[in-house]
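Peer 1: Below is the file protein.pdb, with PDB, C-alpha atoms, pLDDT in the B column.
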```
ATOM      1  CA  MET A   1      -6.390 -37.003   4.053  1.00 43.00           C
ATOM      2  CA  ASN A   2      -3.868 -34.409   3.008  1.00 55.00           C
ATOM      3  CA  ASP A   3      -1.011 -35.010   5.459  1.00 57.00           C
ATOM      4  CA  GLN A   4       0.808 -31.723   4.856  1.00 70.00           C
ATOM      5  CA  GLN A   5       0.944 -29.540   7.965  1.00 91.00           C
ATOM      6  CA  LEU A   6      -1.141 -26.375   7.839  1.00 97.00           C
ATOM      7  CA  ALA A   7      -0.895 -23.807  10.624  1.00 97.00           C
ATOM      8  CA  ILE A   8      -3.618 -21.235  11.284  1.00 97.00           C
ATOM      9  CA  ILE A   9      -2.173 -18.291  13.185  1.00 96.00           C
ATOM     10  CA  ASP A  10      -4.352 -17.259  16.119  1.00 93.00           C
ATOM     11  CA  SER A  11      -4.395 -13.464  15.779  1.00 87.00           C
ATOM     12  CA  GLY A  12      -7.090 -13.129  18.429  1.00 78.00           C
ATOM     13  CA  GLY A  13     -10.809 -12.545  18.100  1.00 67.00           C
ATOM     14  CA  ALA A  14     -11.184 -14.609  14.954  1.00 63.00           C
ATOM     15  CA  ASN A  15     -13.980 -17.118  14.433  1.00 72.00           C
ATOM     16  CA  LEU A  16     -11.738 -19.966  13.354  1.00 88.00           C
ATOM     17  CA  ALA A  17     -14.251 -22.827  13.410  1.00 89.00           C
ATOM     18  CA  SER A  18     -15.700 -22.072   9.954  1.00 91.00           C
ATOM     19  CA  LEU A  19     -12.206 -21.932   8.457  1.00 94.00           C
ATOM     20  CA  GLN A  20     -11.237 -25.265   9.985  1.00 94.00           C
ATOM     21  CA  PHE A  21     -14.521 -26.816   8.821  1.00 94.00           C
ATOM     22  CA  ALA A  22     -13.877 -25.561   5.275  1.00 95.00           C
ATOM     23  CA  LEU A  23     -10.390 -27.090   5.346  1.00 97.00           C
ATOM     24  CA  ASP A  24     -11.783 -30.337   6.773  1.00 96.00           C
ATOM     25  CA  ARG A  25     -14.127 -30.551   3.785  1.00 96.00           C
ATOM     26  CA  LEU A  26     -11.003 -30.440   1.596  1.00 96.00           C
ATOM     27  CA  ASP A  27      -9.434 -33.236   3.682  1.00 96.00           C
ATOM     28  CA  GLN A  28      -6.895 -30.778   5.050  1.00 96.00           C
ATOM     29  CA  ALA A  29      -6.040 -31.014   8.728  1.00 94.00           C
ATOM     30  CA  SER A  30      -5.012 -27.806  10.471  1.00 96.00           C
ATOM     31  CA  VAL A  31      -3.812 -26.563  13.824  1.00 95.00           C
ATOM     32  CA  VAL A  32      -4.549 -23.159  15.395  1.00 94.00           C
ATOM     33  CA  THR A  33      -1.408 -21.882  17.056  1.00 95.00           C
ATOM     34  CA  VAL A  34       0.941 -19.060  17.979  1.00 96.00           C
ATOM     35  CA  ASP A  35       3.846 -21.472  18.485  1.00 96.00           C
ATOM     36  CA  HIS A  36       6.823 -20.353  16.395  1.00 97.00           C
ATOM     37  CA  SER A  37       8.218 -23.848  15.845  1.00 97.00           C
ATOM     38  CA  ILE A  38       4.878 -25.196  14.597  1.00 96.00           C
ATOM     39  CA  ILE A  39       4.362 -22.244  12.267  1.00 97.00           C
ATOM     40  CA  GLN A  40       7.899 -22.434  10.875  1.00 97.00           C
ATOM     41  CA  ALA A  41       7.601 -26.179  10.270  1.00 97.00           C
ATOM     42  CA  ALA A  42       4.190 -25.982   8.590  1.00 97.00           C
ATOM     43  CA  GLU A  43       4.077 -26.433   4.837  1.00 97.00           C
ATOM     44  CA  ARG A  44       1.410 -23.734   4.585  1.00 98.00           C
ATOM     45  CA  VAL A  45       0.197 -20.956   6.873  1.00 98.00           C
ATOM     46  CA  ILE A  46      -3.082 -19.033   7.065  1.00 98.00           C
ATOM     47  CA  LEU A  47      -3.435 -15.677   8.844  1.00 97.00           C
ATOM     48  CA  PRO A  48      -7.159 -15.006   9.408  1.00 95.00           C
ATOM     49  CA  GLY A  49      -8.617 -12.131  11.355  1.00 87.00           C
ATOM     50  CA  VAL A  50     -11.734 -10.243  12.349  1.00 83.00           C
ATOM     51  CA  GLY A  51     -12.108  -7.098  14.404  1.00 84.00           C
ATOM     52  CA  ALA A  52      -9.724  -4.174  14.731  1.00 89.00           C
ATOM     53  CA  ALA A  53      -6.273  -3.982  13.181  1.00 92.00           C
ATOM     54  CA  LYS A  54      -4.684  -2.493  16.310  1.00 94.00           C
ATOM     55  CA  ASN A  55      -5.876  -5.317  18.557  1.00 93.00           C
ATOM     56  CA  ALA A  56      -4.736  -7.952  16.066  1.00 93.00           C
ATOM     57  CA  MET A  57      -1.298  -6.372  15.692  1.00 95.00           C
ATOM     58  CA  GLN A  58      -0.929  -6.181  19.466  1.00 95.00           C
ATOM     59  CA  THR A  59      -1.704  -9.893  19.666  1.00 94.00           C
ATOM     60  CA  LEU A  60       0.883 -10.687  16.988  1.00 96.00           C
ATOM     61  CA  GLN A  61       3.465  -8.481  18.703  1.00 96.00           C
ATOM     62  CA  ARG A  62       2.797 -10.060  22.084  1.00 96.00           C
ATOM     63  CA  HIS A  63       3.736 -13.445  20.629  1.00 97.00           C
ATOM     64  CA  GLY A  64       6.621 -12.160  18.514  1.00 97.00           C
ATOM     65  CA  LEU A  65       4.726 -13.047  15.346  1.00 97.00           C
ATOM     66  CA  ASP A  66       5.181  -9.583  13.853  1.00 97.00           C
ATOM     67  CA  GLU A  67       8.816 -10.561  13.274  1.00 97.00           C
ATOM     68  CA  LEU A  68       8.205 -14.214  12.399  1.00 98.00           C
ATOM     69  CA  ILE A  69       5.493 -13.839   9.739  1.00 98.00           C
ATOM     70  CA  PRO A  70       7.432 -11.590   7.308  1.00 98.00           C
ATOM     71  CA  ALA A  71      10.314 -14.091   7.391  1.00 98.00           C
ATOM     72  CA  LEU A  72       8.181 -17.103   6.406  1.00 98.00           C
ATOM     73  CA  GLU A  73       9.140 -18.721   3.109  1.00 98.00           C
ATOM     74  CA  GLN A  74       6.283 -21.211   2.667  1.00 98.00           C
ATOM     75  CA  PRO A  75       2.920 -20.234   1.100  1.00 98.00           C
ATOM     76  CA  VAL A  76       0.973 -17.868   3.380  1.00 98.00           C
ATOM     77  CA  LEU A  77      -2.677 -16.823   2.955  1.00 98.00           C
ATOM     78  CA  GLY A  78      -4.140 -13.779   4.718  1.00 98.00           C
ATOM     79  CA  ILE A  79      -7.928 -13.623   5.057  1.00 97.00           C
ATOM     80  CA  CYS A  80     -10.050 -10.487   5.658  1.00 95.00           C
ATOM     81  CA  LEU A  81      -8.317  -8.541   8.448  1.00 95.00           C
ATOM     82  CA  GLY A  82      -5.444 -10.989   8.015  1.00 96.00           C
ATOM     83  CA  MET A  83      -5.042  -9.623   4.497  1.00 97.00           C
ATOM     84  CA  GLN A  84      -4.855  -6.033   5.737  1.00 96.00           C
ATOM     85  CA  LEU A  85      -2.264  -7.017   8.343  1.00 97.00           C
ATOM     86  CA  LEU A  86       0.081  -8.160   5.568  1.00 98.00           C
ATOM     87  CA  PHE A  87       0.220  -4.592   4.206  1.00 98.00           C
ATOM     88  CA  ASP A  88       2.174  -1.589   5.498  1.00 98.00           C
ATOM     89  CA  ARG A  89      -0.458   0.193   7.505  1.00 97.00           C
ATOM     90  CA  SER A  90      -4.124   0.592   8.387  1.00 97.00           C
ATOM     91  CA  GLU A  91      -5.818   3.944   8.882  1.00 96.00           C
ATOM     92  CA  GLU A  92      -7.968   2.206  11.492  1.00 92.00           C
ATOM     93  CA  ASP A  93      -6.346   3.479  14.709  1.00 89.00           C
ATOM     94  CA  GLU A  94      -3.381   4.553  12.513  1.00 94.00           C
ATOM     95  CA  VAL A  95      -1.564   1.270  13.131  1.00 96.00           C
ATOM     96  CA  ASP A  96       1.574  -0.030  11.454  1.00 97.00           C
ATOM     97  CA  CYS A  97       1.111  -3.552  10.125  1.00 98.00           C
ATOM     98  CA  LEU A  98       3.512  -6.240   8.895  1.00 98.00           C
ATOM     99  CA  GLY A  99       4.841  -4.396   5.835  1.00 98.00           C
ATOM    100  CA  ILE A 100       5.020  -7.437   3.556  1.00 98.00           C
ATOM    101  CA  ILE A 101       2.905  -5.961   0.751  1.00 98.00           C
ATOM    102  CA  PRO A 102       3.023  -2.193   0.017  1.00 98.00           C
ATOM    103  CA  GLY A 103      -0.151  -0.258   0.731  1.00 97.00           C
ATOM    104  CA  THR A 104      -2.409   1.295   3.356  1.00 98.00           C
ATOM    105  CA  ALA A 105      -5.920   0.127   4.243  1.00 97.00           C
ATOM    106  CA  SER A 106      -8.388   3.018   4.345  1.00 96.00           C
ATOM    107  CA  LYS A 107     -12.053   3.203   5.266  1.00 94.00           C
ATOM    108  CA  LEU A 108     -14.569   2.541   2.540  1.00 92.00           C
ATOM    109  CA  PRO A 109     -16.380   5.705   1.439  1.00 87.00           C
ATOM    110  CA  ALA A 110     -19.767   6.384   2.961  1.00 81.00           C
ATOM    111  CA  LYS A 111     -22.187   7.089   0.138  1.00 79.00           C
ATOM    112  CA  LYS A 112     -25.950   7.194  -0.093  1.00 74.00           C
ATOM    113  CA  GLY A 113     -27.306   3.697  -0.601  1.00 76.00           C
ATOM    114  CA  LEU A 114     -23.990   2.035   0.303  1.00 82.00           C
ATOM    115  CA  ALA A 115     -23.669   0.743   3.833  1.00 82.00           C
ATOM    116  CA  VAL A 116     -20.341   0.540   5.626  1.00 83.00           C
ATOM    117  CA  PRO A 117     -19.288  -2.069   6.562  1.00 86.00           C
ATOM    118  CA  ASN A 118     -19.571  -3.786   3.203  1.00 90.00           C
ATOM    119  CA  MET A 119     -21.371  -6.962   4.149  1.00 88.00           C
ATOM    120  CA  GLY A 120     -22.590  -9.514   1.647  1.00 90.00           C
ATOM    121  CA  TRP A 121     -21.883 -11.255  -1.643  1.00 96.00           C
ATOM    122  CA  SER A 122     -19.998  -9.659  -4.509  1.00 95.00           C
ATOM    123  CA  PRO A 123     -18.264 -10.771  -7.709  1.00 95.00           C
ATOM    124  CA  ILE A 124     -14.569 -10.181  -8.270  1.00 95.00           C
ATOM    125  CA  GLU A 125     -12.738  -9.099 -11.403  1.00 93.00           C
ATOM    126  CA  VAL A 126      -9.479 -10.928 -12.043  1.00 94.00           C
ATOM    127  CA  ASN A 127      -6.668  -8.567 -13.081  1.00 92.00           C
ATOM    128  CA  TYR A 128      -4.134 -11.213 -14.040  1.00 91.00           C
ATOM    129  CA  GLU A 129      -3.855 -14.982 -13.993  1.00 90.00           C
ATOM    130  CA  HIS A 130      -2.686 -16.515 -10.732  1.00 95.00           C
ATOM    131  CA  ALA A 131      -2.878 -20.013  -9.289  1.00 96.00           C
ATOM    132  CA  LEU A 132      -5.228 -18.752  -6.563  1.00 96.00           C
ATOM    133  CA  THR A 133      -7.953 -17.836  -9.070  1.00 95.00           C
ATOM    134  CA  ASP A 134      -7.508 -20.857 -11.339  1.00 96.00           C
ATOM    135  CA  GLY A 135     -10.804 -22.351 -12.476  1.00 94.00           C
ATOM    136  CA  LEU A 136     -12.987 -19.496 -11.232  1.00 91.00           C
ATOM    137  CA  GLY A 137     -15.550 -18.380 -13.790  1.00 78.00           C
ATOM    138  CA  ALA A 138     -17.090 -14.959 -14.316  1.00 75.00           C
ATOM    139  CA  ASP A 139     -19.990 -16.071 -12.107  1.00 78.00           C
ATOM    140  CA  ALA A 140     -17.794 -16.512  -9.008  1.00 89.00           C
ATOM    141  CA  TRP A 141     -19.114 -14.519  -6.036  1.00 95.00           C
ATOM    142  CA  PHE A 142     -17.551 -14.193  -2.595  1.00 97.00           C
ATOM    143  CA  TYR A 143     -18.685 -13.153   0.870  1.00 96.00           C
ATOM    144  CA  PHE A 144     -17.290  -9.868   2.219  1.00 96.00           C
ATOM    145  CA  VAL A 145     -17.480  -8.285   5.680  1.00 92.00           C
ATOM    146  CA  HIS A 146     -15.200  -5.234   6.036  1.00 93.00           C
ATOM    147  CA  SER A 147     -15.053  -1.497   6.606  1.00 92.00           C
ATOM    148  CA  TYR A 148     -11.461  -0.934   5.428  1.00 95.00           C
ATOM    149  CA  ALA A 149      -9.899  -1.889   2.112  1.00 96.00           C
ATOM    150  CA  LEU A 150      -6.686  -1.673   0.108  1.00 97.00           C
ATOM    151  CA  PRO A 151      -6.385   0.377  -3.101  1.00 97.00           C
ATOM    152  CA  ILE A 152      -5.637  -1.204  -6.464  1.00 97.00           C
ATOM    153  CA  SER A 153      -1.910  -1.716  -7.010  1.00 97.00           C
ATOM    154  CA  SER A 154       0.560  -3.817  -8.975  1.00 96.00           C
ATOM    155  CA  ASP A 155       0.057  -6.526  -6.306  1.00 97.00           C
ATOM    156  CA  THR A 156      -3.701  -6.721  -6.970  1.00 97.00           C
ATOM    157  CA  ILE A 157      -4.655 -10.112  -8.407  1.00 97.00           C
ATOM    158  CA  ALA A 158      -8.396  -9.361  -8.404  1.00 96.00           C
ATOM    159  CA  SER A 159     -10.622  -6.452  -7.430  1.00 96.00           C
ATOM    160  CA  ALA A 160     -14.173  -5.845  -6.262  1.00 95.00           C
ATOM    161  CA  ALA A 161     -16.317  -2.743  -5.862  1.00 93.00           C
ATOM    162  CA  HIS A 162     -18.189  -1.002  -3.054  1.00 90.00           C
ATOM    163  CA  GLY A 163     -18.481   2.661  -3.910  1.00 85.00           C
ATOM    164  CA  GLN A 164     -15.041   2.353  -5.451  1.00 90.00           C
ATOM    165  CA  ARG A 165     -12.877  -0.525  -6.659  1.00 95.00           C
ATOM    166  CA  PHE A 166     -10.570  -2.076  -4.108  1.00 97.00           C
ATOM    167  CA  THR A 167      -8.183  -5.018  -3.892  1.00 98.00           C
ATOM    168  CA  ALA A 168     -10.080  -8.254  -3.310  1.00 97.00           C
ATOM    169  CA  VAL A 169      -7.127 -10.621  -3.862  1.00 98.00           C
ATOM    170  CA  ALA A 170      -3.474  -9.655  -3.526  1.00 98.00           C
ATOM    171  CA  GLY A 171      -0.190 -11.470  -3.958  1.00 97.00           C
ATOM    172  CA  LYS A 172       3.501 -10.854  -3.480  1.00 97.00           C
ATOM    173  CA  ASP A 173       6.112 -13.623  -3.601  1.00 97.00           C
ATOM    174  CA  ASN A 174       4.938 -16.457  -1.301  1.00 98.00           C
ATOM    175  CA  PHE A 175       2.190 -14.320   0.289  1.00 98.00           C
ATOM    176  CA  VAL A 176      -1.375 -14.156  -1.022  1.00 98.00           C
ATOM    177  CA  ALA A 177      -4.466 -12.664   0.566  1.00 98.00           C
ATOM    178  CA  THR A 178      -8.219 -12.254   0.161  1.00 98.00           C
ATOM    179  CA  GLN A 179     -10.372  -9.433   1.505  1.00 97.00           C
ATOM    180  CA  PHE A 180     -13.381 -11.759   1.476  1.00 96.00           C
ATOM    181  CA  HIS A 181     -13.916 -14.950   3.467  1.00 95.00           C
ATOM    182  CA  PRO A 182     -13.299 -17.949   1.196  1.00 96.00           C
ATOM    183  CA  GLU A 183     -14.396 -20.286   3.989  1.00 95.00           C
ATOM    184  CA  ARG A 184     -17.858 -18.660   3.840  1.00 94.00           C
ATOM    185  CA  SER A 185     -18.025 -18.348   0.057  1.00 96.00           C
ATOM    186  CA  SER A 186     -19.590 -21.640  -0.994  1.00 94.00           C
ATOM    187  CA  SER A 187     -18.093 -23.497  -3.965  1.00 94.00           C
ATOM    188  CA  SER A 188     -16.078 -20.520  -5.228  1.00 96.00           C
ATOM    189  CA  GLY A 189     -14.405 -20.118  -1.864  1.00 96.00           C
ATOM    190  CA  ALA A 190     -13.751 -23.844  -1.617  1.00 96.00           C
ATOM    191  CA  ARG A 191     -12.087 -23.741  -5.026  1.00 97.00           C
ATOM    192  CA  MET A 192      -9.859 -20.866  -3.935  1.00 97.00           C
ATOM    193  CA  LEU A 193      -8.831 -22.652  -0.736  1.00 98.00           C
ATOM    194  CA  ALA A 194      -8.077 -25.777  -2.773  1.00 97.00           C
ATOM    195  CA  ASN A 195      -6.008 -23.661  -5.150  1.00 98.00           C
ATOM    196  CA  PHE A 196      -4.022 -22.326  -2.182  1.00 98.00           C
ATOM    197  CA  LEU A 197      -3.406 -25.849  -0.914  1.00 97.00           C
ATOM    198  CA  GLY A 198      -1.940 -26.784  -4.287  1.00 96.00           C
ATOM    199  CA  TRP A 199      -0.031 -23.549  -4.910  1.00 97.00           C
ATOM    200  CA  ARG A 200       3.722 -23.749  -5.383  1.00 95.00           C
ATOM    201  CA  PRO A 201       5.185 -20.200  -5.515  1.00 91.00           C
TER     202      PRO A 201
END
```
The structure in this file should be written as structure tokens.
Peer 2:
Amino acid sequence: MNDQQLAIIDSGGANLASLQFALDRLDQASVVTVDHSIIQAAERVILPGVGAAKNAMQTLQRHGLDELIPALEQPVLGICLGMQLLFDRSEEDEVDCLGIIPGTASKLPAKKGLAVPNMGWSPIEVNYEHALTDGLGADAWFYFVHSYALPISSDTIASAAHGQRFTAVAGKDNFVATQFHPERSSSSGARMLANFLGWRP
């Protein structure tokens, strides 16, 4: 059992069971919480999320987490909506987010033959080497469910495509994030979660 403390921030509306099961399979215990002292003391923090950005930000604000999260110094992983919350803004309901990573999430383009939301398996293209993508081959596919996405930027670790290329993995300082769900992405996702657990920024 990995005895390091891992806190999963409860941003509201998230299906957290699959994430905790995925961590359990890696012998990593976790606690779901909004308690500031637990989050600050944790060696690692995960910010998951599903649903609307506005609702999630309101939940974080209600618990004072909109001020706590940007000040965290330990490794932090945002997942799906949790990734978008780490950026400046989302065009969904025109909501300001946490402002940790520069960028604005915008809706994926609606094109013939391309459904929105983007739901299903897709490969990623690694832009530069990072501990989070260590050991992932060209055949690594991940499970996406999202309608909004971040553009490619200098903080893009890896990208994917759905009508246009978008940021699939991002990183800035001690914060990293994935647009896909690693906890639902079979062996590739398990490898990425394991990489996060071993990451030392």
Peer 1: Kindly assemble as JSON lines a list of the range 106-199 of chain A residues that lie within 8 Å of range 80-101 of chain A, each paired with its nearest atom pair and their distance in Å to one decimal, using only C-alpha atoms, sorted first by chain and then by ascending residue number.
Peer 2:
```
{"residue": "A:Ser106", "atom": "CA", "partner": "A:Glu91", "partner_atom": "CA", "distance": 5.3}
{"residue": "A:Lys107", "atom": "CA", "partner": "A:Glu91", "partner_atom": "CA", "distance": 7.2}
{"residue": "A:Val145", "atom": "CA", "partner": "A:Cys80", "partner_atom": "CA", "distance": 7.7}
{"residue": "A:His146", "atom": "CA", "partner": "A:Cys80", "partner_atom": "CA", "distance": 7.4}
{"residue": "A:Tyr148", "atom": "CA", "partner": "A:Glu92", "partner_atom": "CA", "distance": 7.7}
{"residue": "A:Ala149", "atom": "CA", "partner": "A:Gln84", "partner_atom": "CA", "distance": 7.5}
{"residue": "A:Leu150", "atom": "CA", "partner": "A:Gln84", "partner_atom": "CA", "distance": 7.4}
{"residue": "A:Asp155", "atom": "CA", "partner": "A:Ile101", "partner_atom": "CA", "distance": 7.6}
{"residue": "A:Gly171", "atom": "CA", "partner": "A:Ile101", "partner_atom": "CA", "distance": 7.9}
{"residue": "A:Lys172", "atom": "CA", "partner": "A:Ile101", "partner_atom": "CA", "distance": 6.5}
{"residue": "A:Ala177", "atom": "CA", "partner": "A:Met83", "partner_atom": "CA", "distance": 5.0}
{"residue": "A:Thr178", "atom": "CA", "partner": "A:Met83", "partner_atom": "CA", "distance": 6.0}
{"residue": "A:Gln179", "atom": "CA", "partner": "A:Cys80", "partner_atom": "CA", "distance": 4.3}
{"residue": "A:Phe180", "atom": "CA", "partner": "A:Cys80", "partner_atom": "CA", "distance": 5.5}
{"residue": "A:His181", "atom": "CA", "partner": "A:Cys80", "partner_atom": "CA", "distance": 6.3}
```
Peer 1: So which residues touch range 22-27 of chain A within 12 Å, counting all atoms listed in the file, skipping near sequence neighbours fewer than 5 positions away, as a list of chain:residue names?
Peer 2: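 In the requested form, the answer reads A:Met1, A:Asn2, A:Asp3, A:Gln4, A:Gln5, A:Leu6, A:Ala7, A:Ile8, A:Leu16, A:Ala17, A:Ile46, A:His181, A:Pro182, A:Glu183, A:Arg184, A:Ser185, A:Ser186, A:Ser187, A:Ser188, A:Gly189, A:Ala190, A:Arg191, A:Met192, A:Leu193, A:Ala194, A:Asn195, A:Phe196, A:Leu197, A:Gly198.
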Peer 1: Any idea what the distance is between CA of Pro123 in chain A and CA of Gly49 in chain A?
Peer 2: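 Here the two named atoms are 21.4 Å from each other.
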Peer 1: Neighbours of Lys111 in chain A within 10 Å (only C-alpha atoms; same-chain residues fewer than 5 positions away dropped), as an MDAnalysis selection string?
Peer 2: chainID A and resid 116 162:163
Peer 1: I need the output of the PyMOL selection byres ((chain A and resi 36) around 12) for this file as a PyMOL selection string; which residues are they?
Peer 2: chain A and resi 7-10+32-35+37-42+45+60+63-69+71-72
Peer 1: As lines of an AutoDock Vina configuration file, please report the centre and edge lengths, rounded to one decimal in Å, of the axis-aligned box that holds all listed atoms of range 194-197 of chain A with 5 Å of padding on each of the six sides.
Peer 2:
```
center_x = -5.7
center_y = -24.1
center_z = -3.0
size_x = 14.7
size_y = 13.5
size_z = 14.2
```
Peer 1: When the PyMOL selection byres ((chain A and resi 200) around 12) is applied to the structure above, which residues does it catch, written out as a PDB file with C-alpha atoms, keeping the file's coordinate frame?
Peer 2:
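The resulting out29.pdb:
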```
ATOM      1  CA  GLU A  43       4.077 -26.433   4.837  1.00 97.00           C
ATOM      2  CA  ARG A  44       1.410 -23.734   4.585  1.00 98.00           C
ATOM      3  CA  GLU A  73       9.140 -18.721   3.109  1.00 98.00           C
ATOM      4  CA  GLN A  74       6.283 -21.211   2.667  1.00 98.00           C
ATOM      5  CA  PRO A  75       2.920 -20.234   1.100  1.00 98.00           C
ATOM      6  CA  VAL A  76       0.973 -17.868   3.380  1.00 98.00           C
ATOM      7  CA  HIS A 130      -2.686 -16.515 -10.732  1.00 95.00           C
ATOM      8  CA  ALA A 131      -2.878 -20.013  -9.289  1.00 96.00           C
ATOM      9  CA  LEU A 132      -5.228 -18.752  -6.563  1.00 96.00           C
ATOM     10  CA  ASP A 173       6.112 -13.623  -3.601  1.00 97.00           C
ATOM     11  CA  ASN A 174       4.938 -16.457  -1.301  1.00 98.00           C
ATOM     12  CA  PHE A 175       2.190 -14.320   0.289  1.00 98.00           C
ATOM     13  CA  VAL A 176      -1.375 -14.156  -1.022  1.00 98.00           C
ATOM     14  CA  ASN A 195      -6.008 -23.661  -5.150  1.00 98.00           C
ATOM     15  CA  PHE A 196      -4.022 -22.326  -2.182  1.00 98.00           C
ATOM     16  CA  LEU A 197      -3.406 -25.849  -0.914  1.00 97.00           C
ATOM     17  CA  GLY A 198      -1.940 -26.784  -4.287  1.00 96.00           C
ATOM     18  CA  TRP A 199      -0.031 -23.549  -4.910  1.00 97.00           C
ATOM     19  CA  PRO A 201       5.185 -20.200  -5.515  1.00 91.00           C
TER      20      PRO A 201
END
```
Peer 1: Could you list, as a ChimeraX atom specification, every residue within 6 Å of Thr156 in chain A, counting only C-alpha atoms and ignoring same-chain residues fewer than 2 positions away?
Peer 2: /A:152-154,158,167,170
Peer 1: When you draw a straight line from CA of Asn118 in chain A to CA of Ala160 in chain A, how long is it in Å?
Peer 2: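 Rounded to one decimal, the two atoms are 11.1 Å apart.
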